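Colleague: I have a structure here, written as structure tokens, and I will follow up with some questions on it.
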Amino acid sequence: MAKQHIPGVSLAVVRDGKVTFTKGYGFANLESMRRASPESVFQLASVTKQFTATAVMMLVEEGKIRLEEPIRTYLTDLPEAWGKVTVRNLLNHTSGIKSYTDLPGFFDNGNQRRDYTPNQIIDLVRNLPPDFEPGTQWHYNNTGYYLLGMLIEQVTGQKYDQFLTQRIFKPLGMAHTRLNNRYDLVPERVIGYSWSGKAWVNAEFVSPTQPFSAGALLSTVLDMAKWDAALYTTKLLKAETLQQMWTPTILKSGEKQDYGFGWIVSKVNKHRMVVHGGGIDGFNTYISRYPEDRLTVIVLTNTDEGHAEKIALEVSALYEPALKVLPTPHKPIADDNPKRTELLKGIMLEAAQGRANADLFTPTAAQILIPRIQALKQAFAEVGAMQSFVLVEKRQEKETTVLRYLVKYAHLTISTIYALNSEGKIEGIRFQNEE
């Protein structure tokens with residue numbers, strides 16, 4: 001926590017649906033010096049998606065929604081260009097609809113504070129061409145999960161949060177789980193923080209109307225433990241429905257994506273895991289479930305860079321040693337294109353100045369990634385000067401070249417993974433903390 005500048009953490013370890021360990025660390029509120037505890041109420045951010053997906057699948061079981069039905073069957077005021085997008089495409093992020101949170105400038109100039117109606121959110125992307133044909137590619141998409149919340153309201157005649165409270169939260173005794181509302185008084189509400197490079201500051205306020213059913217729920221680790229316990233039963237959904245939610249997506253090309261409905265589906269050392277994280281200004285969260293091991297770790301933190309995933313994975317290995325992920329050896333490999341390496345190194349150096357060259361990216365990647373890179377200027381200032389930039393992995397995935405570089409800074413070592421198309425343009429970048 002000290003190294004990553006995390007003010008507060010709530011943690012729960014659940015075995016076989018029963019809480020084995022739970023504790024709060026640090027502070028839920030730095031001004032009042034209120035300690036974090038298992039009862040502290042955090043923003044879940046995108047961990048919300050698993051609840052939205054469960055609500056949709058409840059309605060599927062009841063015959064009120066069909067997975068292969070076009071979304072325009074239920075929400076008729078949507079663009080004709082979305083006519084082939086099905087409910088399934090929204091659940092597994094294969095719709096091709098543009099994600100409103102990827103729009104250039106969406107988070108600029110204090111826009112996070114603005115309240116939106118559902119129609120205003122959809123209007124942001126309504127007239128933009130889809131990124132791809134439904135089912136042909138995968139791209140994480142908050143618009144899709146926003147639409148699923150609207151779908152739930154349309155089909156049930158209830159507000160999204162009313163339906164979840166009636167059908168999930170109350171039956172499971174999740175008394176502290178609710179949809180965030182800027183005006184509500186919430187006992188044990190946690191304050192979110194950002195690290196300025198020198199000190200903690202109050203995180204930017206994000207209107208809950210923006211994430212909505214894609215990321216606006218509040219909860220505690222104890223409530224999340226009740227949620228976890230229910231997933232071993234048929235209290236909410238049939239076993240075959242849950243299994244469907246935890247099955248990887250298969251694209252039309254036959255390619256597999258490690259995402260089901262509201263859950264990432266993967267393996268650690270051949271142990272199946274279903275997980276999801278969440279990030280929003282002031283909060284970083286993670287739930288990791290290992291169904292065959294009957295083990296779940298829930299981590300909620302109150303800072304944007306809380307590294308909840310890393311904490312959850314390390315704690316999981318304390319309880320199940322077979323889940324221990326050994327550090328990836330990063331030995332330098334022969335660099336067959338030093339000029340390309342210098343170009344990619346330059347991107348990191350420019351990022352430290354809050355700049356990025358759009359000509360090096362595909363048009364879609366430029367729109368999505370450059371604002372995010374520019375926003376990292378303060379984070380790069382904190383880690384100090386770059387000391388080395390070394391190629392440690394190269395692999396080919398069809399038309400995409402994937403390159404991993406180990407980047408050492410004065411105070412941190414990270415991996416930077418680039419995905420380049422056949423023309424050498426950047427399709428994606430991922431930063432991975434190696435400490």
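The chains in the structure tokens are called A, B, ... from first to last as shown; in each chain the residues are counted from 1, and the ligands are counted from 1 in the order shown.
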With DSSP run on the backbone, what are the helix (DSSP H, G or I) residues within region 190-324 of chain A? I'd like them as a CSV table (one decimal) with N, CA and C atoms, in the first residue's frame.
Modeller:
```
chain,number,residue,atom,x,y,z
A,212,PHE,N,-23.5,4.3,-14.8
A,212,PHE,CA,-24.8,3.6,-14.7
A,212,PHE,C,-24.7,2.1,-14.6
A,213,SER,N,-25.3,1.3,-15.4
A,213,SER,CA,-25.3,-0.1,-15.3
A,213,SER,C,-23.9,-0.7,-15.8
A,214,ALA,N,-23.0,0.1,-16.3
A,214,ALA,CA,-21.7,-0.3,-16.6
A,214,ALA,C,-20.7,-0.2,-15.5
A,221,VAL,N,-17.0,-5.5,1.0
A,221,VAL,CA,-16.5,-6.9,0.8
A,221,VAL,C,-17.4,-7.9,1.4
A,222,LEU,N,-18.0,-7.6,2.5
A,222,LEU,CA,-18.9,-8.6,3.1
A,222,LEU,C,-20.1,-8.9,2.3
A,223,ASP,N,-20.7,-7.8,1.6
A,223,ASP,CA,-21.8,-8.1,0.7
A,223,ASP,C,-21.3,-8.8,-0.5
A,224,MET,N,-20.1,-8.5,-1.0
A,224,MET,CA,-19.6,-9.3,-2.1
A,224,MET,C,-19.3,-10.7,-1.8
A,225,ALA,N,-19.0,-11.0,-0.5
A,225,ALA,CA,-18.9,-12.4,-0.1
A,225,ALA,C,-20.2,-13.1,-0.2
A,226,LYS,N,-21.3,-12.5,0.1
A,226,LYS,CA,-22.6,-13.1,0.0
A,226,LYS,C,-23.0,-13.3,-1.5
A,227,TRP,N,-22.6,-12.4,-2.3
A,227,TRP,CA,-22.7,-12.6,-3.8
A,227,TRP,C,-22.0,-13.8,-4.2
A,228,ASP,N,-20.7,-13.9,-3.8
A,228,ASP,CA,-19.9,-15.1,-4.2
A,228,ASP,C,-20.6,-16.4,-3.7
A,229,ALA,N,-21.0,-16.4,-2.5
A,229,ALA,CA,-21.7,-17.7,-2.0
A,229,ALA,C,-22.9,-18.1,-2.9
A,230,ALA,N,-23.6,-17.1,-3.3
A,230,ALA,CA,-24.8,-17.4,-4.1
A,230,ALA,C,-24.5,-18.0,-5.5
A,239,ALA,N,-27.6,-23.6,-13.0
A,239,ALA,CA,-26.2,-23.9,-13.1
A,239,ALA,C,-25.8,-23.7,-14.5
A,240,GLU,N,-26.6,-24.2,-15.5
A,240,GLU,CA,-26.2,-24.1,-16.9
A,240,GLU,C,-26.1,-22.6,-17.4
A,241,THR,N,-26.9,-21.8,-16.8
A,241,THR,CA,-26.9,-20.3,-17.2
A,241,THR,C,-25.6,-19.7,-16.7
A,242,LEU,N,-25.2,-20.0,-15.4
A,242,LEU,CA,-24.0,-19.5,-14.9
A,242,LEU,C,-22.8,-20.0,-15.7
A,243,GLN,N,-22.9,-21.3,-16.1
A,243,GLN,CA,-21.8,-21.8,-16.9
A,243,GLN,C,-21.7,-21.1,-18.3
A,244,GLN,N,-22.8,-20.7,-18.8
A,244,GLN,CA,-22.8,-20.0,-20.1
A,244,GLN,C,-22.2,-18.6,-19.9
A,245,MET,N,-22.4,-18.0,-18.7
A,245,MET,CA,-21.8,-16.7,-18.4
A,245,MET,C,-20.3,-16.8,-18.3
A,291,PRO,N,-13.5,-21.4,-9.1
A,291,PRO,CA,-14.6,-22.2,-8.8
A,291,PRO,C,-14.2,-23.6,-8.3
A,292,GLU,N,-13.2,-24.3,-9.0
A,292,GLU,CA,-12.8,-25.6,-8.6
A,292,GLU,C,-12.1,-25.6,-7.3
A,293,ASP,N,-11.4,-24.5,-7.0
A,293,ASP,CA,-10.7,-24.4,-5.7
A,293,ASP,C,-11.6,-23.9,-4.6
A,308,ALA,N,-5.6,-3.4,-7.3
A,308,ALA,CA,-6.5,-4.4,-6.6
A,308,ALA,C,-6.2,-5.8,-7.2
A,309,GLU,N,-6.0,-5.8,-8.5
A,309,GLU,CA,-5.8,-7.1,-9.2
A,309,GLU,C,-4.6,-7.8,-8.6
A,310,LYS,N,-3.5,-7.1,-8.5
A,310,LYS,CA,-2.2,-7.6,-8.0
A,310,LYS,C,-2.4,-8.1,-6.6
A,311,ILE,N,-3.0,-7.3,-5.8
A,311,ILE,CA,-3.3,-7.8,-4.4
A,311,ILE,C,-4.1,-9.0,-4.3
A,312,ALA,N,-5.2,-9.1,-5.1
A,312,ALA,CA,-6.1,-10.2,-5.1
A,312,ALA,C,-5.3,-11.5,-5.6
A,313,LEU,N,-4.5,-11.4,-6.6
A,313,LEU,CA,-3.8,-12.6,-7.1
A,313,LEU,C,-2.7,-13.1,-6.1
A,314,GLU,N,-2.1,-12.1,-5.5
A,314,GLU,CA,-1.0,-12.5,-4.5
A,314,GLU,C,-1.7,-13.2,-3.3
A,315,VAL,N,-2.8,-12.6,-2.8
A,315,VAL,CA,-3.5,-13.2,-1.6
A,315,VAL,C,-4.0,-14.6,-2.0
A,316,SER,N,-4.6,-14.7,-3.2
A,316,SER,CA,-5.1,-16.0,-3.6
A,316,SER,C,-4.0,-17.1,-3.5
A,317,ALA,N,-2.8,-16.7,-3.8
A,317,ALA,CA,-1.7,-17.7,-3.8
A,317,ALA,C,-1.3,-18.1,-2.3
A,318,LEU,N,-1.6,-17.1,-1.4
A,318,LEU,CA,-1.3,-17.4,0.0
A,318,LEU,C,-2.2,-18.6,0.5
A,319,TYR,N,-3.4,-18.6,0.0
A,319,TYR,CA,-4.4,-19.6,0.4
A,319,TYR,C,-4.4,-20.9,-0.4
A,321,PRO,N,-1.4,-22.3,-2.8
A,321,PRO,CA,-0.1,-22.1,-3.4
A,321,PRO,C,0.0,-22.5,-4.8
A,322,ALA,N,-0.8,-23.4,-5.3
A,322,ALA,CA,-0.8,-23.7,-6.7
A,322,ALA,C,-1.2,-22.5,-7.6
A,323,LEU,N,-1.7,-21.5,-7.1
A,323,LEU,CA,-2.1,-20.3,-7.8
A,323,LEU,C,-1.0,-19.3,-7.9
```
Colleague: Show me, as a PyMOL selection string, the residues that have an atom within 9 Å of Leu78 (chain A) when counting only C-alpha atoms, minus same-chain residues fewer than 5 positions from it.
Modeller: chain A and resi 71-72+83+122+126
Colleague: In Å to one decimal, how far is CA of Phe283 (chain A) from CA of Leu11 (chain A)?
Modeller: 14.0 Å
Colleague: What gap, in Å, lies between CA of Asp281 (chain A) and CA of Phe205 (chain A)?
Modeller: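 We find that CA of Asp281 (chain A) and CA of Phe205 (chain A) lie 7.1 Å from each other.
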Colleague: Identify, on the basis of only C-alpha atoms, every residue whose closest approach to Lys408 (chain A) does not exceed 7 Å; exclude the query and any residue fewer than 2 positions from it along the same chain; express the result as a count of residues only.
Modeller: 9
Colleague: Name the residues in contact with region 141-147 of chain A at a cut-off of 9 Å, using only C-alpha atoms, excluding same-chain residues fewer than 2 positions from it; report them as a PDB file with N, CA, C and O atoms, in the first residue's frame.
Modeller:
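Wrote selection_31.pdb, looks like this:
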```pdb
ATOM      1  N   SER A  46     -16.405  -1.177 -12.684  1.00  0.00           N
ATOM      2  CA  SER A  46     -16.861  -2.164 -13.669  1.00  0.00           C
ATOM      3  C   SER A  46     -17.151  -3.548 -13.095  1.00  0.00           C
ATOM      4  O   SER A  46     -17.651  -4.412 -13.823  1.00  0.00           O
ATOM      5  N   LYS A  49     -20.600  -4.824 -13.788  1.00  0.00           N
ATOM      6  CA  LYS A  49     -21.059  -5.518 -15.006  1.00  0.00           C
ATOM      7  C   LYS A  49     -21.554  -6.932 -14.736  1.00  0.00           C
ATOM      8  O   LYS A  49     -22.472  -7.411 -15.419  1.00  0.00           O
ATOM      9  N   THR A  52     -25.159  -6.625 -13.739  1.00  0.00           N
ATOM     10  CA  THR A  52     -25.995  -6.301 -14.902  1.00  0.00           C
ATOM     11  C   THR A  52     -26.210  -7.535 -15.763  1.00  0.00           C
ATOM     12  O   THR A  52     -27.332  -7.828 -16.189  1.00  0.00           O
ATOM     13  N   ALA A  53     -25.130  -8.286 -16.010  1.00  0.00           N
ATOM     14  CA  ALA A  53     -25.243  -9.492 -16.826  1.00  0.00           C
ATOM     15  C   ALA A  53     -26.147 -10.522 -16.159  1.00  0.00           C
ATOM     16  O   ALA A  53     -26.948 -11.194 -16.827  1.00  0.00           O
ATOM     17  N   ILE A  71     -30.985  -5.970 -30.395  1.00  0.00           N
ATOM     18  CA  ILE A  71     -31.302  -5.064 -29.294  1.00  0.00           C
ATOM     19  C   ILE A  71     -32.388  -4.074 -29.688  1.00  0.00           C
ATOM     20  O   ILE A  71     -33.177  -3.616 -28.854  1.00  0.00           O
ATOM     21  N   LEU A  75     -35.316  -1.964 -27.660  1.00  0.00           N
ATOM     22  CA  LEU A  75     -35.084  -0.514 -27.590  1.00  0.00           C
ATOM     23  C   LEU A  75     -35.199   0.027 -29.011  1.00  0.00           C
ATOM     24  O   LEU A  75     -34.227   0.077 -29.762  1.00  0.00           O
ATOM     25  N   VAL A  87     -28.435  -8.990 -28.151  1.00  0.00           N
ATOM     26  CA  VAL A  87     -28.212  -8.910 -26.706  1.00  0.00           C
ATOM     27  C   VAL A  87     -26.899  -9.606 -26.350  1.00  0.00           C
ATOM     28  O   VAL A  87     -26.122  -9.112 -25.526  1.00  0.00           O
ATOM     29  N   ASN A  89     -24.224  -9.829 -28.143  1.00  0.00           N
ATOM     30  CA  ASN A  89     -23.113  -8.953 -28.516  1.00  0.00           C
ATOM     31  C   ASN A  89     -22.835  -7.897 -27.451  1.00  0.00           C
ATOM     32  O   ASN A  89     -21.678  -7.516 -27.240  1.00  0.00           O
ATOM     33  N   LEU A  90     -23.884  -7.407 -26.809  1.00  0.00           N
ATOM     34  CA  LEU A  90     -23.687  -6.427 -25.748  1.00  0.00           C
ATOM     35  C   LEU A  90     -23.053  -7.074 -24.529  1.00  0.00           C
ATOM     36  O   LEU A  90     -22.147  -6.508 -23.902  1.00  0.00           O
ATOM     37  N   LEU A  91     -23.488  -8.283 -24.184  1.00  0.00           N
ATOM     38  CA  LEU A  91     -22.989  -8.972 -22.996  1.00  0.00           C
ATOM     39  C   LEU A  91     -21.514  -9.321 -23.109  1.00  0.00           C
ATOM     40  O   LEU A  91     -20.777  -9.265 -22.117  1.00  0.00           O
ATOM     41  N   ASN A  92     -21.072  -9.704 -24.323  1.00  0.00           N
ATOM     42  CA  ASN A  92     -19.683 -10.156 -24.449  1.00  0.00           C
ATOM     43  C   ASN A  92     -18.776  -9.178 -25.197  1.00  0.00           C
ATOM     44  O   ASN A  92     -17.675  -9.531 -25.616  1.00  0.00           O
ATOM     45  N   HIS A  93     -19.216  -7.926 -25.356  1.00  0.00           N
ATOM     46  CA  HIS A  93     -18.388  -6.861 -25.937  1.00  0.00           C
ATOM     47  C   HIS A  93     -18.016  -7.113 -27.393  1.00  0.00           C
ATOM     48  O   HIS A  93     -16.898  -6.805 -27.818  1.00  0.00           O
ATOM     49  N   THR A  94     -18.919  -7.643 -28.165  1.00  0.00           N
ATOM     50  CA  THR A  94     -18.638  -7.880 -29.588  1.00  0.00           C
ATOM     51  C   THR A  94     -19.599  -7.106 -30.488  1.00  0.00           C
ATOM     52  O   THR A  94     -19.806  -7.477 -31.637  1.00  0.00           O
ATOM     53  N   SER A  95     -20.180  -6.027 -29.984  1.00  0.00           N
ATOM     54  CA  SER A  95     -21.205  -5.304 -30.748  1.00  0.00           C
ATOM     55  C   SER A  95     -20.634  -4.438 -31.862  1.00  0.00           C
ATOM     56  O   SER A  95     -21.298  -4.198 -32.874  1.00  0.00           O
ATOM     57  N   GLY A  96     -19.432  -3.905 -31.667  1.00  0.00           N
ATOM     58  CA  GLY A  96     -18.873  -2.957 -32.634  1.00  0.00           C
ATOM     59  C   GLY A  96     -19.347  -1.532 -32.415  1.00  0.00           C
ATOM     60  O   GLY A  96     -18.816  -0.595 -33.032  1.00  0.00           O
ATOM     61  N   ILE A  97     -20.349  -1.332 -31.565  1.00  0.00           N
ATOM     62  CA  ILE A  97     -20.794   0.027 -31.235  1.00  0.00           C
ATOM     63  C   ILE A  97     -19.653   0.745 -30.519  1.00  0.00           C
ATOM     64  O   ILE A  97     -18.937   0.151 -29.714  1.00  0.00           O
ATOM     65  N   LYS A  98     -19.473   2.013 -30.796  1.00  0.00           N
ATOM     66  CA  LYS A  98     -18.401   2.755 -30.132  1.00  0.00           C
ATOM     67  C   LYS A  98     -18.711   2.927 -28.643  1.00  0.00           C
ATOM     68  O   LYS A  98     -19.847   3.198 -28.259  1.00  0.00           O
ATOM     69  N   SER A  99     -17.681   2.752 -27.835  1.00  0.00           N
ATOM     70  CA  SER A  99     -17.830   2.954 -26.401  1.00  0.00           C
ATOM     71  C   SER A  99     -17.709   4.446 -26.090  1.00  0.00           C
ATOM     72  O   SER A  99     -16.722   5.081 -26.457  1.00  0.00           O
ATOM     73  N   TYR A 100     -18.703   4.989 -25.420  1.00  0.00           N
ATOM     74  CA  TYR A 100     -18.705   6.431 -25.163  1.00  0.00           C
ATOM     75  C   TYR A 100     -17.514   6.857 -24.307  1.00  0.00           C
ATOM     76  O   TYR A 100     -17.022   7.982 -24.417  1.00  0.00           O
ATOM     77  N   THR A 101     -16.997   5.967 -23.462  1.00  0.00           N
ATOM     78  CA  THR A 101     -15.851   6.332 -22.633  1.00  0.00           C
ATOM     79  C   THR A 101     -14.548   6.358 -23.421  1.00  0.00           C
ATOM     80  O   THR A 101     -13.514   6.805 -22.903  1.00  0.00           O
ATOM     81  N   ASP A 102     -14.577   5.883 -24.669  1.00  0.00           N
ATOM     82  CA  ASP A 102     -13.394   5.954 -25.533  1.00  0.00           C
ATOM     83  C   ASP A 102     -13.369   7.220 -26.391  1.00  0.00           C
ATOM     84  O   ASP A 102     -12.396   7.456 -27.111  1.00  0.00           O
ATOM     85  N   PRO A 118     -29.997   8.777 -19.929  1.00  0.00           N
ATOM     86  CA  PRO A 118     -29.615   7.659 -20.800  1.00  0.00           C
ATOM     87  C   PRO A 118     -29.594   8.038 -22.274  1.00  0.00           C
ATOM     88  O   PRO A 118     -28.663   7.677 -23.003  1.00  0.00           O
ATOM     89  N   ILE A 121     -26.438   9.918 -23.186  1.00  0.00           N
ATOM     90  CA  ILE A 121     -25.269   9.044 -23.320  1.00  0.00           C
ATOM     91  C   ILE A 121     -25.274   8.351 -24.677  1.00  0.00           C
ATOM     92  O   ILE A 121     -24.267   8.329 -25.404  1.00  0.00           O
ATOM     93  N   ILE A 122     -26.417   7.787 -25.063  1.00  0.00           N
ATOM     94  CA  ILE A 122     -26.509   7.080 -26.342  1.00  0.00           C
ATOM     95  C   ILE A 122     -26.311   8.041 -27.507  1.00  0.00           C
ATOM     96  O   ILE A 122     -25.715   7.690 -28.529  1.00  0.00           O
ATOM     97  N   VAL A 125     -22.842   8.509 -29.219  1.00  0.00           N
ATOM     98  CA  VAL A 125     -22.297   7.556 -30.197  1.00  0.00           C
ATOM     99  C   VAL A 125     -23.308   7.165 -31.270  1.00  0.00           C
ATOM    100  O   VAL A 125     -22.988   6.399 -32.187  1.00  0.00           O
ATOM    101  N   TRP A 138     -13.590  -8.252 -30.770  1.00  0.00           N
ATOM    102  CA  TRP A 138     -13.906  -8.005 -29.356  1.00  0.00           C
ATOM    103  C   TRP A 138     -13.284  -6.687 -28.941  1.00  0.00           C
ATOM    104  O   TRP A 138     -12.110  -6.431 -29.211  1.00  0.00           O
ATOM    105  N   HIS A 139     -14.080  -5.839 -28.304  1.00  0.00           N
ATOM    106  CA  HIS A 139     -13.547  -4.588 -27.763  1.00  0.00           C
ATOM    107  C   HIS A 139     -14.377  -4.205 -26.537  1.00  0.00           C
ATOM    108  O   HIS A 139     -15.601  -4.070 -26.614  1.00  0.00           O
ATOM    109  N   GLY A 149     -28.527  -1.936 -19.209  1.00  0.00           N
ATOM    110  CA  GLY A 149     -29.306  -1.348 -18.120  1.00  0.00           C
ATOM    111  C   GLY A 149     -30.609  -0.771 -18.631  1.00  0.00           C
ATOM    112  O   GLY A 149     -31.669  -0.929 -18.001  1.00  0.00           O
ATOM    113  N   MET A 150     -30.556  -0.108 -19.784  1.00  0.00           N
ATOM    114  CA  MET A 150     -31.777   0.420 -20.394  1.00  0.00           C
ATOM    115  C   MET A 150     -32.712  -0.716 -20.800  1.00  0.00           C
ATOM    116  O   MET A 150     -33.941  -0.607 -20.674  1.00  0.00           O
ATOM    117  N   LEU A 151     -32.128  -1.810 -21.290  1.00  0.00           N
ATOM    118  CA  LEU A 151     -32.918  -2.975 -21.672  1.00  0.00           C
ATOM    119  C   LEU A 151     -33.663  -3.552 -20.471  1.00  0.00           C
ATOM    120  O   LEU A 151     -34.864  -3.871 -20.564  1.00  0.00           O
ATOM    121  N   ILE A 152     -32.985  -3.686 -19.349  1.00  0.00           N
ATOM    122  CA  ILE A 152     -33.620  -4.201 -18.134  1.00  0.00           C
ATOM    123  C   ILE A 152     -34.803  -3.323 -17.747  1.00  0.00           C
ATOM    124  O   ILE A 152     -35.886  -3.815 -17.408  1.00  0.00           O
ATOM    125  N   GLN A 210     -23.098   8.655 -15.439  1.00  0.00           N
ATOM    126  CA  GLN A 210     -22.249   8.289 -16.573  1.00  0.00           C
ATOM    127  C   GLN A 210     -21.963   6.788 -16.627  1.00  0.00           C
ATOM    128  O   GLN A 210     -22.151   6.169 -17.664  1.00  0.00           O
ATOM    129  N   PRO A 211     -21.500   6.153 -15.544  1.00  0.00           N
ATOM    130  CA  PRO A 211     -21.271   4.703 -15.626  1.00  0.00           C
ATOM    131  C   PRO A 211     -22.544   3.881 -15.549  1.00  0.00           C
ATOM    132  O   PRO A 211     -22.632   2.809 -16.147  1.00  0.00           O
ATOM    133  N   PHE A 212     -23.541   4.299 -14.768  1.00  0.00           N
ATOM    134  CA  PHE A 212     -24.839   3.627 -14.671  1.00  0.00           C
ATOM    135  C   PHE A 212     -24.652   2.109 -14.559  1.00  0.00           C
ATOM    136  O   PHE A 212     -23.904   1.636 -13.714  1.00  0.00           O
ATOM    137  N   SER A 213     -25.284   1.342 -15.410  1.00  0.00           N
ATOM    138  CA  SER A 213     -25.252  -0.119 -15.322  1.00  0.00           C
ATOM    139  C   SER A 213     -23.935  -0.723 -15.799  1.00  0.00           C
ATOM    140  O   SER A 213     -23.734  -1.939 -15.728  1.00  0.00           O
ATOM    141  N   ALA A 214     -23.024   0.130 -16.269  1.00  0.00           N
ATOM    142  CA  ALA A 214     -21.687  -0.342 -16.647  1.00  0.00           C
ATOM    143  C   ALA A 214     -20.700  -0.208 -15.502  1.00  0.00           C
ATOM    144  O   ALA A 214     -19.606  -0.757 -15.569  1.00  0.00           O
ATOM    145  N   GLY A 215     -21.087   0.546 -14.415  1.00  0.00           N
ATOM    146  CA  GLY A 215     -20.100   0.717 -13.359  1.00  0.00           C
ATOM    147  C   GLY A 215     -20.463   1.602 -12.194  1.00  0.00           C
ATOM    148  O   GLY A 215     -19.574   2.213 -11.596  1.00  0.00           O
ATOM    149  N   GLY A 262     -20.046 -10.482 -18.542  1.00  0.00           N
ATOM    150  CA  GLY A 262     -19.763  -9.745 -17.310  1.00  0.00           C
ATOM    151  C   GLY A 262     -18.617 -10.303 -16.494  1.00  0.00           C
ATOM    152  O   GLY A 262     -18.358  -9.827 -15.382  1.00  0.00           O
TER     153      GLY A 262
END
```
Colleague: Between A:Val275, A:Ile280, A:Ile65, A:Ile426, which residue has the minimum interatomic distance to Gln367 (chain A), considering only C-alpha atoms?
Modeller: A:Ile426
Colleague: Might you pull out every residue within 7 Å of region 395-402 of chain A, with only C-alpha atoms counted and same-chain residues fewer than 5 positions away left off, and present them as JSON, numbers by chain?
Modeller: {"A": [417, 418, 419, 420, 421, 422]}
Colleague: When you count only C-alpha atoms, which of these residues is closest to Ala365 (chain A): A:Gly254, A:Pro187, A:Gly306, A:Gly428?
Modeller: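 With only C-alpha atoms as the atom set, the closest residue is A:Gly428.
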Colleague: Nearest to Arg15 (chain A): which of A:Val297, A:Ala366, A:Met273, A:Ile168 is it, counting only C-alpha atoms?
Modeller: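 Smallest distance to Arg15 (chain A) is found for A:Val297.
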